[in-house]
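Each remark here refers to the structure printed beneath this line.
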2 protein chains.
Amino acid sequence: MNRRLRWTSAVLFLPTALAVLAATPRGEEGQIGIRGFAPGRVAQERELEREFARIPDAKHAENHLRRLTSEPHMAGTAGSRRVAEWLRDRFRSYGFDSKIVTYRVWLPLPVELKLELLEPEKETLATAEQPFQSDKDTYTMRAVPGFNAYSPSGDVTAPVVYANYGMAEDYRQLEELDINVEGKIVLARYGRGYRGIKAKLAEDHQAAGLLIYSDPADDGYAAGDPYPRGPWRPMSGIQRGSILYTQIYPGNPLTAAASAAGDEHKISPSEAKSLPRIPTLPINAQDAAAILMRLGGEQVPRGWQGSLPLAYHLGPGQALVHLKLVMDYRQRTLYDVISKLHGANDDEWVILGNHHDAWVFGAADPSSGTTVMLETARSLGRLARAGWKPRRTIVMCEWDGEEPGLLGSTEWVQDHLRELQAKAVAYINTDVGVSGPDFKSSAVPSLKGLVREVAQEVPDARSARTVYDLWRERLERGQPPRGNAERGQPWALADGDVPLGALGAGSDFCPFLDHAGIPAIDLGSSGNYGVYHSLYDDFYWMKHFGDPTFAYHVEMARIVGTLTLRLTEADVLPFDYTAYASEISRAAAELATKAKDSHDSALVNKPDWKALDSVSAALAASAARVAQALDAAAAAPAGSGRANELDRGLAGVEQALLAPEGLVGRPWYKHTIYAPGSYAGYDAVVMPGIAEAIELHDAETAQREVASLTAALERAAARLDEVARLAKPVASSPRAQ
Amino acid sequence: MNRRLRWTSAVLFLPTALAVLAATPRGEEGQIGIRGFAPGRVAQERELEREFARIPDAKHAENHLRRLTSEPHMAGTAGSRRVAEWLRDRFRSYGFDSKIVTYRVWLPLPVELKLELLEPEKETLATAEQPFQSDKDTYTMRAVPGFNAYSPSGDVTAPVVYANYGMAEDYRQLEELDINVEGKIVLARYGRGYRGIKAKLAEDHQAAGLLIYSDPADDGYAAGDPYPRGPWRPMSGIQRGSILYTQIYPGNPLTAAASAAGDEHKISPSEAKSLPRIPTLPINAQDAAAILMRLGGEQVPRGWQGSLPLAYHLGPGQALVHLKLVMDYRQRTLYDVISKLHGANDDEWVILGNHHDAWVFGAADPSSGTTVMLETARSLGRLARAGWKPRRTIVMCEWDGEEPGLLGSTEWVQDHLRELQAKAVAYINTDVGVSGPDFKSSAVPSLKGLVREVAQEVPDARSARTVYDLWRERLERGQPPRGNAERGQPWALADGDVPLGALGAGSDFCPFLDHAGIPAIDLGSSGNYGVYHSLYDDFYWMKHFGDPTFAYHVEMARIVGTLTLRLTEADVLPFDYTAYASEISRAAAELATKAKDSHDSALVNKPDWKALDSVSAALAASAARVAQALDAAAAAPAGSGRANELDRGLAGVEQALLAPEGLVGRPWYKHTIYAPGSYAGYDAVVMPGIAEAIELHDAETAQREVASLTAALERAAARLDEVARLAKPVASSPRAQ
């Protein structure tokens with residue numbers, strides 16, 4: 001059953017080749033239609049999807065993952081190159097036109113990482129992740145030690161202050177408690193926000209250094225059994241990760257907003273605004289406990305106590321810590337793998353992507369996603385070999401250097417910006433493709449309906465029911481999963497249906513959506529994943545906890561494949577702009593209310609809230625007209641040459657939402673509706689320019705951003721009106737030209 | 001400023017000796033009146049209170065506490081007798097008529113306490129509390145090891161199931177999870193309810209044994225720094241305590257509801273319903289961790305995870321535990337110390353009480369309360385020596401055997417039941433008199449106003465403001481104290497004022513209120529008290545954490561003394577029955593609603609809710625008439641002989657609320673409004689017979705208890721009507737006779 005789609009017209013099952021459907025109709029003899037497909041093509045599409053669904057296979061998936069996790073393969077190392085070459089060969093063997101594209105980027109690797117307690121007694125810290133006998137891979141000698149990519153080198157000795165999660169609200173509370181972190185080493189726990197925000201805040205508060213640790217409250221024993229008894233982080237587990245200020249811009253820090261190809265030194269490291277300035281090191285819970293138990297000062301405020309077996313204090317007190325980091329910064333080579341299955345229309349691209357670089361073995365992150373991509377590619381290839389040719393071209397990308405800062409994807413997007421903006425119709429991202437049984441997704445609002453529909457088609461891996469049914473039931477039960485997921489998802493039904501999150505940053509959809517304006521989807525199957533970015537995210541973990549039977553890898557390949565087929569085969573691209581317009585109206589109204597509630601008269605009066613409100617309404621009206629026009633078009637044949645134009649129009653609305661000048665203070669981010677927060681703890685901030693300006697009581701910026709958003713919405717409405725005109729049968733309206 | 005008292009009459013300052021005041025009036029020249037005092041006597045009372053307040057002294061208090069904590073003094077040991085003798089001598093030296101009253105009671109002491117892990121490896125548990133160099137007292141060789149008084153002897157070997165707090169809702173959840181504790185040793189943590197309820201529930205569920213431990217989440221490092229760095233329970237700390245089923249009846253288990261004096265064997269141990277039947281042992285967090293880390297089975301449900309550094313499982317799994325307890329049960333002697341300061345009217349007694357027996361040194365529990373009593377007695381004695389004679393008699397009681405089960409107080413109350421019911425006007429209890437700076441109190445509703453008023457008179461120990469002001473501000477801030485207090489208090493303003501709790505059980509007010517119907521007050525100054533019932537509740541703890549300057553001991557002596565002087569010196573006892581009636585109406589209405597919401601037609605229809613509702617309303621009307629009559633009496637002189645009758649009438653209303661037959665299933669508990677819960681986690685259950693019958697869907701019992709309460713309220717209303725008649729000037733109403 002389709003639960004969400006409006007039944008827009010009762011007379012839709014006409015034998016037209018290009019009956020364009022804005023919503024899913026019920027076809028002849030009660031057959032359920034498919035969004036974007038003419039009734040006459042529904043049966044054919046269903047048969048194709050059924051054929052596709054039979055191919056993905058657990059044994060294949062397990063073997064892909066075995067291969068992908070056979071050695072550590074961090075970006076900038078030979079392991080990463082070897083994986084790229086193997087992937088290229090795999091895609092070629094499936095019939096794809098596959099090649100490796102290289103980029104030279106400014107990328108550090110650690111040479112020396114030293115952390116020691118000097119007072120009140122000497123103790124060597126920065127302890128390594130412990131190996132476990134049951135999992136031989138944990139004895140590898142090639143795992144990079146715990147480090148934060150893009151930390152500078154440094155050598156500091158200082159007392160320590162505990163700053164909870166090290167987010168903006170934590171510093172505000174420290175200030176209220178009269179605690180100054182200037183010249184101190186800040187100890188903060190992971191969670192509630194991107195670690196690059198923690199680093200930026202510590203830098204802004206003039207800390208001497210930053211230690212980020214994994215508190216057992218968040219992904220360790222307080223959530224569940226630690227590895228290898230259970231899937232959660234053991235006491236010695238370290239979360240590696242980049243602290244590049246991707247919230248300012250991702251990609252090669254020395255080629256801001258430009259292609260890296262052949263142009264390696266556009267700016268110098270000292271000019272690069274995305275490079276952190278204070279030494280930062282991730283540590284495990286046992287090192288953190290050794291420091292925390294020596295801190296003096298007041299006991300921490302409510303909510304700051306974690307799950308280590310001691311009473312947390314704010315510091316500083318007697319504890320004196322020495323932190324010395326030596327990093328080897330240089331130009332290193334990335335290996336993106338770009339694979340195409342050419343369609344009848346080679347000028348419309350449905351792009352799929354995942355990264356292949358991993359901090360160590362990267363079983364869940366990212367190899368589970370790559371496994372899903374490979375099973376999808378193998379299955380599409382099998383269909384192609386049997387004679388099928390996609391209507392649109394499928395581009396499957398395996399990015400390098402995602403972990404240090406979305407490097408491979410950002411460079412490629414910047415490199416192909418114009419071509420992408422002309423051809424790409426959507427970008428589907430997987431990353432941690434499978435870490436458990438719970439399907440989740442984020443997407444632009446125009447594609448949320450599509451994701452829900454596809455989830456209704458694919459059977460759940462454990463039961464006879466659909467992925468959608470289980471997704472919904474999980475939310476109806478209303479209990480969030482254990483542990484603090486690094487990337488949050490809404491955890492309750494929204495407007496009576498399963499919610500899809502907003503896309504911020506944190507994976508390779510970012511340059512596509514935020515910089516290039518390509519409509520994007522991110523998806524995965526998640527679970528109790530406590531070994532994120534550690535040595536323990538390996539094959540043994542996946543085989544014992546993440547997906548022992550690989551059934552969820554198969555499920556995800558079916559979902560990704562079905563999504564791909566819906567997008568490549570549709571008669572008209574299945575975008576729903578009424579949903580988008582309604583989310584925009586709601587967000588704009590919320591921000592206007594927030595400004596009003598701030599009792600800051602400048603915030604209330606300077607920005608033209610009225611104009612924003614009326615253009616939001618206009619956008620909704622335009623979106624409704626498009627839906628109507630597409631419905632009407634279903635009842636009257638249209639020239640088939642118009643399909644292409646319609647597609648271009650529909651996919652292009654997202655680009656209309658870009659502000660050419662970008663957000664205030666971070667011009668690389670062009671999207672007016674979605675961006676990662678610069679200081680906030682959330683991955684995505686909706687209408688980020690305005691939202692953050694309100695937060696900072698910056699009426700000037702709020703005014704500029706409201707104007708910029710208003711202009712973008714006007715452009716989007718105009719683009720939608722064009723689509724409506726294109727969709728309308730020529731005869732029916734003189735206004736059509 | 002008096003914040004709460006209604007201004008009942010504008011013409012109250014008449015020069016009458018017996019102007020009876022139902023509320024605090026403003027006297028001549030704006031002087032604030034005192035509830036129960038004729039305007040002409042207010043100045044005199046104030047002067048007396050001022051004189052009193054100058055006497056309590058921190059140095060004296062500190063020395064009392066030093067003496068009281070000089071050795072362990074558990075009930076049934078020579079230490080307890082020595083303390084009793086010392087107390088008798090102290091009271092005598094202050095001018096009291098003091099004597100020791102002895103009772104022989106059935107009381108166990110431990111001989112052997114053995115706990116060991118047999119599987120998956122052998123480990124000896126029941127580890128002792130560790131001594132700390134900074135606190136020499138912790139090296140004592142005379143501390144009783146951790147044990148639960150009234151556990152039977154036993155020798156069991158069984159797998160273990162973790163049952164969270166071991167309360168009724170926890171067993172319900174275990175049942176839902178299909179976990180049976182039959183034949184298992186249950187491991188439960190302290191908190192959320194009396195340990196005797198935990199033992200009863202484990203017995204009812206046919207467990208083989210019970211271990212109760214202190215989780216650091218509740219009073220250990222998760223709340224704050226453990227002793228001796230801070231005031232919270234260290235990993236080796238054990239909470240001793242009785243598991244006697246005092247919820248059925250307290251006192252000597254072999255003399256249920258009768259005097260123990262000279263009548264030692266009314267029933268045999270096998271007949272005693274208050275004696276637990278399965279071996280039970282309290283253990284420290286480190287022993288609990290040793291067991292918990294070996295448990296198998298599913299991970300615990302949300303909310304069951306404590307703060308030990310591991311993921312909690314339900315069990316059983318491989319862990320096999322051997323528990324062997326040998327208890328020496330025999331008749332032992334208790335030493336109550338009863339001290340009187342005779343008043344002009346020796347037939348009206350204001351009784352104060354605290355226990356003197358302690359599990360080990362008992363600095364906070366109970367010696368801080370005894371110190372407060374001693375400073376109160378010393379100060380009253382000084383006033384008496386200077387020529388003052390109280391109007392009513394003051395009786396100060398130091399109970400023995402409170403810890404094992406309110407033995408000393410219960411035996412004495414049963415022994416003097418008739419005399420008490422004729423003479424006692426109120427009972428003021430301290431127990432943990434001081435464990436920190438936060439004043440708190442529970443009382444019968446008729447005396448809550450009095451406690452608030454007295455708190456407005458006494459300056460706070462730290463500031464120039466009153467105890468009341470700080471009490472109120474603390475609640476307005478709205479943040480509950482750290483840790484899980486063993487005896488909860490409401491933590492928010494109620495009806496715009498500071499709330500006083502309901503009296504259930506857990507200290508010596510229980511036999512007075514619940515069995516004898518004497519209006520009662522319990523009070524203390526509380527704080528971060530993590531060493532409850534452990535070795536560490538000693539002088540060092542008090543001197544470093546509880547009350548380093550003993551200023552709060554002085555503050556509490558001023559409060560207890562002022563309360564005493566208000567009660568002994570009042571022209572008419574300052575009871576407020578309109579407040580009582582209004583709490584009763586509200587509670588009755590809530591229970592009727594609860595019955596209705598249960599959708600159990602028998603619960604809705606069988607009990608006569610209508611009769612209860614109308615008698616509640618009648619009670620409120622009667623209470624209002626009393627208030628009016630007392631107001632009016634203030635304006636017209638009354639014969640002075642009538643004061644006595646009025647007092648008797650006012651104090652006797654509480655006894656009217658007793659049901660002669662007692663509660664269903666536990667006839668010792670006679671009060672229809674207050675009793676400890678038999679299964680619930682709360683200390684006090686309001687209208688317990690009805691509330692628990694609703695909980696259990698027992699319409700039969702609900703019917704009986706509603707009828708019993710209705711009858712009690714009728715009696716109370718009649719008693720109030722009598723008081724109103726007595727108060728009314730003879731001339732003003734022909735109805736007066």
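To be explicit about the labels: the chains of the structure tokens are called A, B, and onward in the order shown, and within each one the residues are counted from 1, while ligands get numbers from 1 in the order they are shown.
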Report task. Name the residues of stretch 416-554 of chain A that fall into helix (DSSP H, G or I) according to DSSP on the backbone, using the chain letters and numbers of this document, as a PyMOL selection string. Result -> chain A and resi 417-423+445-457+467-477+509-515+539-546+551-554
Query raised in the report: Could you name the residues that touch A:Arg142 at 9 Å or less, counting only C-alpha atoms, but leaving out those on the same chain fewer than 5 positions away, as a list in words?
Result: Glu71, Pro72 and Val360 of chain A
Write out as a CSV table (one decimal) with N, CA and C atoms, in the first residue's frame each polymer residue whose atoms come within 10 Å of B:Leu374, counting only C-alpha atoms; drop sequence neighbours fewer than 3 positions from it.
```csv
chain,number,residue,atom,x,y,z
B,56,PRO,N,21.9,27.6,72.0
B,56,PRO,CA,22.6,26.5,71.2
B,56,PRO,C,23.9,27.0,70.7
B,60,HIS,N,29.6,23.2,71.7
B,60,HIS,CA,28.9,22.1,72.4
B,60,HIS,C,28.4,21.0,71.5
B,61,ALA,N,27.8,21.4,70.4
B,61,ALA,CA,27.3,20.4,69.5
B,61,ALA,C,28.4,19.5,69.0
B,64,HIS,N,29.3,17.1,71.7
B,64,HIS,CA,28.3,16.0,71.8
B,64,HIS,C,28.6,15.0,70.7
B,65,LEU,N,28.8,15.4,69.5
B,65,LEU,CA,29.0,14.5,68.4
B,65,LEU,C,30.2,13.7,68.5
B,87,LEU,N,23.5,9.4,77.8
B,87,LEU,CA,22.4,10.3,77.4
B,87,LEU,C,21.6,10.6,78.7
B,90,ARG,N,23.3,13.1,80.7
B,90,ARG,CA,23.2,14.4,80.1
B,90,ARG,C,21.9,15.1,80.4
B,91,PHE,N,20.8,14.4,80.1
B,91,PHE,CA,19.5,15.0,80.3
B,91,PHE,C,19.3,15.4,81.7
B,94,TYR,N,20.8,18.5,82.6
B,94,TYR,CA,20.1,19.7,82.1
B,94,TYR,C,18.8,20.0,82.9
B,368,SER,N,23.7,13.1,64.7
B,368,SER,CA,23.5,14.5,64.5
B,368,SER,C,22.2,14.9,65.1
B,369,GLY,N,21.2,14.0,64.9
B,369,GLY,CA,19.8,14.3,65.5
B,369,GLY,C,19.9,14.3,67.0
B,370,THR,N,20.6,13.4,67.6
B,370,THR,CA,20.8,13.4,69.0
B,370,THR,C,21.5,14.6,69.5
B,371,THR,N,22.5,15.1,68.8
B,371,THR,CA,23.2,16.3,69.1
B,371,THR,C,22.2,17.5,69.1
B,377,ALA,N,17.7,20.3,74.5
B,377,ALA,CA,17.5,20.0,76.0
B,377,ALA,C,18.3,20.9,76.9
B,378,ARG,N,19.6,21.1,76.5
B,378,ARG,CA,20.5,22.0,77.3
B,378,ARG,C,19.9,23.4,77.3
B,379,SER,N,19.4,23.9,76.2
B,379,SER,CA,18.9,25.2,76.2
B,379,SER,C,17.6,25.4,76.9
B,380,LEU,N,16.7,24.4,76.8
B,380,LEU,CA,15.4,24.4,77.5
B,380,LEU,C,15.7,24.3,79.0
B,396,MET,N,11.4,14.1,76.1
B,396,MET,CA,12.4,13.9,75.1
B,396,MET,C,12.8,12.4,75.2
B,557,ALA,N,18.8,22.9,66.2
B,557,ALA,CA,18.4,23.0,67.6
B,557,ALA,C,17.4,24.2,67.7
```
Mind dumping a table of every chain B residue within 8 Å of chain A, with the nearest atom pair and its distance in Å to one decimal, using only C-alpha atoms, sorted by chain and rising number, as JSON lines?
```
{"residue": "B:Tyr221", "atom": "CA", "partner": "A:Ala311", "partner_atom": "CA", "distance": 4.8}
{"residue": "B:Ala222", "atom": "CA", "partner": "A:Ala311", "partner_atom": "CA", "distance": 5.7}
{"residue": "B:Ala223", "atom": "CA", "partner": "A:Ala311", "partner_atom": "CA", "distance": 6.9}
{"residue": "B:Gly224", "atom": "CA", "partner": "A:Ala311", "partner_atom": "CA", "distance": 4.9}
{"residue": "B:Asp225", "atom": "CA", "partner": "A:Ala311", "partner_atom": "CA", "distance": 5.1}
{"residue": "B:Pro226", "atom": "CA", "partner": "A:Ala311", "partner_atom": "CA", "distance": 7.7}
{"residue": "B:Gln299", "atom": "CA", "partner": "A:Gly224", "partner_atom": "CA", "distance": 7.2}
{"residue": "B:Gln305", "atom": "CA", "partner": "A:Ala222", "partner_atom": "CA", "distance": 7.1}
{"residue": "B:Ser307", "atom": "CA", "partner": "A:Ser307", "partner_atom": "CA", "distance": 6.4}
{"residue": "B:Leu308", "atom": "CA", "partner": "A:Pro309", "partner_atom": "CA", "distance": 6.6}
{"residue": "B:Pro309", "atom": "CA", "partner": "A:Pro309", "partner_atom": "CA", "distance": 6.2}
{"residue": "B:Leu310", "atom": "CA", "partner": "A:Tyr221", "partner_atom": "CA", "distance": 5.0}
{"residue": "B:Ala311", "atom": "CA", "partner": "A:Tyr221", "partner_atom": "CA", "distance": 4.8}
{"residue": "B:Tyr312", "atom": "CA", "partner": "A:Gly224", "partner_atom": "CA", "distance": 7.7}
```
Can I get the selected residues back with C-alpha atoms, as a PDB file, in the first residue's frame?
```
ATOM      1  CA  TYR B 221      30.883   8.421  42.027  1.00  0.00           C
ATOM      2  CA  ALA B 222      28.126   9.256  39.560  1.00  0.00           C
ATOM      3  CA  ALA B 223      26.696  11.599  42.192  1.00  0.00           C
ATOM      4  CA  GLY B 224      30.043  13.029  43.272  1.00  0.00           C
ATOM      5  CA  ASP B 225      33.461  12.385  44.739  1.00  0.00           C
ATOM      6  CA  PRO B 226      33.572   9.270  46.880  1.00  0.00           C
ATOM      7  CA  GLN B 299      21.179  -6.791  28.074  1.00  0.00           C
ATOM      8  CA  GLN B 305      21.828   0.186  33.575  1.00  0.00           C
ATOM      9  CA  SER B 307      27.000   3.344  36.673  1.00  0.00           C
ATOM     10  CA  LEU B 308      29.365   0.429  37.072  1.00  0.00           C
ATOM     11  CA  PRO B 309      31.818   0.277  34.164  1.00  0.00           C
ATOM     12  CA  LEU B 310      30.191  -2.555  32.259  1.00  0.00           C
ATOM     13  CA  ALA B 311      27.076  -3.346  30.251  1.00  0.00           C
ATOM     14  CA  TYR B 312      24.502  -4.784  32.652  1.00  0.00           C
TER      15      TYR B 312
END
```
Query raised in the report: If we count only C-alpha atoms, what is near stretch 159-175 of chain A at a cut-off of 6 Å, once residues fewer than 5 positions away on the same chain are taken out, given as a ChimeraX atom specification?
Result: /A:184-189,198,304,314-316,319-320
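Separating atom CA of A:Leu420 from atom CA of A:Ala712 is a distance of 19.7 Å.
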